[in-house]
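Down below is the structure, laid out as structure tokens.
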Amino acid sequence: MKPQIRILLYSILFFLYLTSTHFLLSLNEKIKGDPFVVLGVGFGVLNLIYAFFALKWKPLLNVLCAVAIAALSMFLALQFTNLHLFVNYDPYQVKTAIFTNAIISIIFWEIVYQVKIRKSN
């Protein structure tokens, strides 16, 4: 896949992360569930769509990568917000968590893609 196409796909994924967070949080208020579970499942679904669209590996491997990346990026985003680096700009650390989750998941997808390219050569 050309770098321009990958950048476009990552930009779309980043935009989807940012826009779907509000929808997932409002869905969480309606079903009165745990916000971390609802966000994790929602981001996992986004990652599944991306995995089947971009990676086109075997279905089991796509599902494993999508779930692992969603869980790991969510965990690392929460750990990053615990550092309280941007308290002056984001007092509740919500925007920091959303942006960090999106950026970390894109970084992990690029790592997975590079591993895929290296293994197929």
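We name chains A, B, ... following the order of the structure tokens; residues begin at 1 in each chain, and ligands are numbered from 1 as shown.
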
Each residue of region 38-97 of chain A lying at most 12 Å from region 14-33 of chain A should get a row with its shortest atom-to-atom pair and the distance in Å to one decimal, counting only C-alpha atoms; could you produce that, ordered by chain and increasing number, as JSON lines?
```
{"residue": "A:Val38", "atom": "CA", "partner": "A:Asn28", "partner_atom": "CA", "distance": 6.2}
{"residue": "A:Leu39", "atom": "CA", "partner": "A:Leu24", "partner_atom": "CA", "distance": 6.1}
{"residue": "A:Gly40", "atom": "CA", "partner": "A:Leu24", "partner_atom": "CA", "distance": 9.6}
{"residue": "A:Val41", "atom": "CA", "partner": "A:Leu24", "partner_atom": "CA", "distance": 9.3}
{"residue": "A:Gly42", "atom": "CA", "partner": "A:Leu24", "partner_atom": "CA", "distance": 6.7}
{"residue": "A:Phe43", "atom": "CA", "partner": "A:Tyr17", "partner_atom": "CA", "distance": 7.3}
{"residue": "A:Gly44", "atom": "CA", "partner": "A:Tyr17", "partner_atom": "CA", "distance": 10.7}
{"residue": "A:Val45", "atom": "CA", "partner": "A:Tyr17", "partner_atom": "CA", "distance": 10.9}
{"residue": "A:Leu46", "atom": "CA", "partner": "A:Leu16", "partner_atom": "CA", "distance": 7.9}
{"residue": "A:Asn47", "atom": "CA", "partner": "A:Tyr17", "partner_atom": "CA", "distance": 9.7}
{"residue": "A:Ile49", "atom": "CA", "partner": "A:Leu16", "partner_atom": "CA", "distance": 11.2}
{"residue": "A:Tyr50", "atom": "CA", "partner": "A:Leu16", "partner_atom": "CA", "distance": 10.6}
{"residue": "A:Ala70", "atom": "CA", "partner": "A:Tyr17", "partner_atom": "CA", "distance": 11.1}
{"residue": "A:Ser73", "atom": "CA", "partner": "A:Tyr17", "partner_atom": "CA", "distance": 11.8}
{"residue": "A:Met74", "atom": "CA", "partner": "A:Tyr17", "partner_atom": "CA", "distance": 11.7}
{"residue": "A:Val94", "atom": "CA", "partner": "A:Thr21", "partner_atom": "CA", "distance": 10.3}
{"residue": "A:Lys95", "atom": "CA", "partner": "A:Leu18", "partner_atom": "CA", "distance": 9.2}
{"residue": "A:Thr96", "atom": "CA", "partner": "A:Leu18", "partner_atom": "CA", "distance": 11.2}
{"residue": "A:Ala97", "atom": "CA", "partner": "A:Thr21", "partner_atom": "CA", "distance": 10.5}
```

Point to revise | Residues flagged alpha helix (DSSP H) by DSSP in chain A, as a PyMOL selection string | key: chain A and resi 3-31+35-50+59-81+94-120

With a distance cut-off of 12 Å and only C-alpha atoms, select the neighbouring residues of Lys56 (chain A), excluding the residue or stretch itself and same-chain residues fewer than 5 positions from it, and output the selection as a CSV table (one decimal) with N, CA, C and O atoms, in the first residue's frame.
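So the final result, stored in result27.csv, reads:
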```
chain,number,residue,atom,x,y,z
A,1,MET,N,0.8,-1.2,0.0
A,1,MET,CA,0.0,0.0,0.0
A,1,MET,C,0.9,1.2,0.0
A,1,MET,O,1.9,1.3,0.8
A,48,LEU,N,-11.8,-3.2,14.1
A,48,LEU,CA,-12.2,-4.4,13.3
A,48,LEU,C,-12.5,-3.9,11.9
A,48,LEU,O,-12.0,-4.6,10.9
A,49,ILE,N,-13.2,-2.9,11.7
A,49,ILE,CA,-13.5,-2.4,10.4
A,49,ILE,C,-12.2,-2.0,9.6
A,49,ILE,O,-12.0,-2.4,8.5
A,50,TYR,N,-11.4,-1.3,10.3
A,50,TYR,CA,-10.1,-1.0,9.7
A,50,TYR,C,-9.3,-2.2,9.4
A,50,TYR,O,-8.6,-2.2,8.3
A,51,ALA,N,-9.2,-3.2,10.3
A,51,ALA,CA,-8.4,-4.4,10.0
A,51,ALA,C,-8.9,-5.1,8.8
A,51,ALA,O,-8.1,-5.6,8.0
A,61,LEU,N,-6.8,-13.4,12.7
A,61,LEU,CA,-5.7,-12.5,13.0
A,61,LEU,C,-6.2,-11.1,13.0
A,61,LEU,O,-5.7,-10.3,13.8
A,62,ASN,N,-7.1,-10.7,12.1
A,62,ASN,CA,-7.7,-9.4,12.1
A,62,ASN,C,-8.4,-9.1,13.4
A,62,ASN,O,-8.2,-8.0,14.0
A,63,VAL,N,-9.2,-10.0,13.9
A,63,VAL,CA,-9.9,-9.8,15.1
A,63,VAL,C,-8.9,-9.7,16.3
A,63,VAL,O,-9.1,-8.8,17.2
A,65,CYS,N,-5.8,-8.7,16.3
A,65,CYS,CA,-5.0,-7.4,16.2
A,65,CYS,C,-5.9,-6.3,16.6
A,65,CYS,O,-5.5,-5.4,17.3
A,113,TYR,N,1.3,-3.0,10.5
A,113,TYR,CA,1.4,-3.0,9.0
A,113,TYR,C,2.8,-3.3,8.6
A,113,TYR,O,3.1,-4.0,7.6
A,116,LYS,N,3.6,-6.9,8.9
A,116,LYS,CA,3.0,-7.6,7.8
A,116,LYS,C,3.8,-7.5,6.6
A,116,LYS,O,4.0,-8.5,5.9
```

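Shortest separation to Arg6 (chain A) among A:Val67, A:Arg118, A:Leu72, A:Ala54 occurs at residue A:Ala54, atoms counted being only C-alpha atoms.
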
Residues near Ile117 (chain A), anyone? I mean within 12 Å using only C-alpha atoms, not counting same-chain ones fewer than 6 positions away, as a short mmCIF file (atom, residue, chain, number, x, y, z; two decimals) with N, CA and C atoms, in the first residue's frame.
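Resulting contents of around_1.cif:
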```cif
data_model
loop_
_atom_site.label_atom_id
_atom_site.label_comp_id
_atom_site.auth_asym_id
_atom_site.auth_seq_id
_atom_site.Cartn_x
_atom_site.Cartn_y
_atom_site.Cartn_z
N MET A 1 0.85 -1.16 0.00
CA MET A 1 0.00 0.00 0.00
C MET A 1 0.91 1.24 0.00
N LYS A 2 0.58 2.19 -0.83
CA LYS A 2 1.37 3.41 -0.94
C LYS A 2 1.27 4.23 0.34
N LEU A 55 -5.90 -4.30 6.34
CA LEU A 55 -4.92 -5.37 6.46
C LEU A 55 -5.23 -6.56 5.57
N TRP A 57 -5.90 -9.61 6.36
CA TRP A 57 -5.30 -10.86 6.78
C TRP A 57 -6.41 -11.89 6.95
N GLU A 110 0.34 1.09 12.44
CA GLU A 110 1.49 1.20 11.54
C GLU A 110 2.54 0.14 11.88
N ILE A 111 2.72 -0.14 13.15
CA ILE A 111 3.66 -1.20 13.54
C ILE A 111 3.19 -2.54 13.01
#
```

Check your understanding: Which residue gives the smallest distance to Leu13 (chain A) among A:Phe53, A:Val37, A:Lys119, A:Ala68, with only C-alpha atoms counted?
Key ->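 Counting only C-alpha atoms, the residue closest to Leu13 (chain A) is A:Phe53.
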
Exercise for review: Tell me, in Å to one decimal, how far CA of Ile12 (chain A) is from CA of Ile106 (chain A).
Suggested key: 10.5 Å

**Study point:** Neighbour list for His84 (chain A) as a PyMOL selection string, cut-off 10 Å, only C-alpha atoms, skip fewer than 5 positions in-chain
**Key:** chain A and resi 79+90-93+96

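Remark: for Ala77 (chain A), the closest of the candidate residues A:Phe36, A:Leu60, A:Phe99, A:Tyr89 is A:Phe99 (distances computed over only C-alpha atoms).
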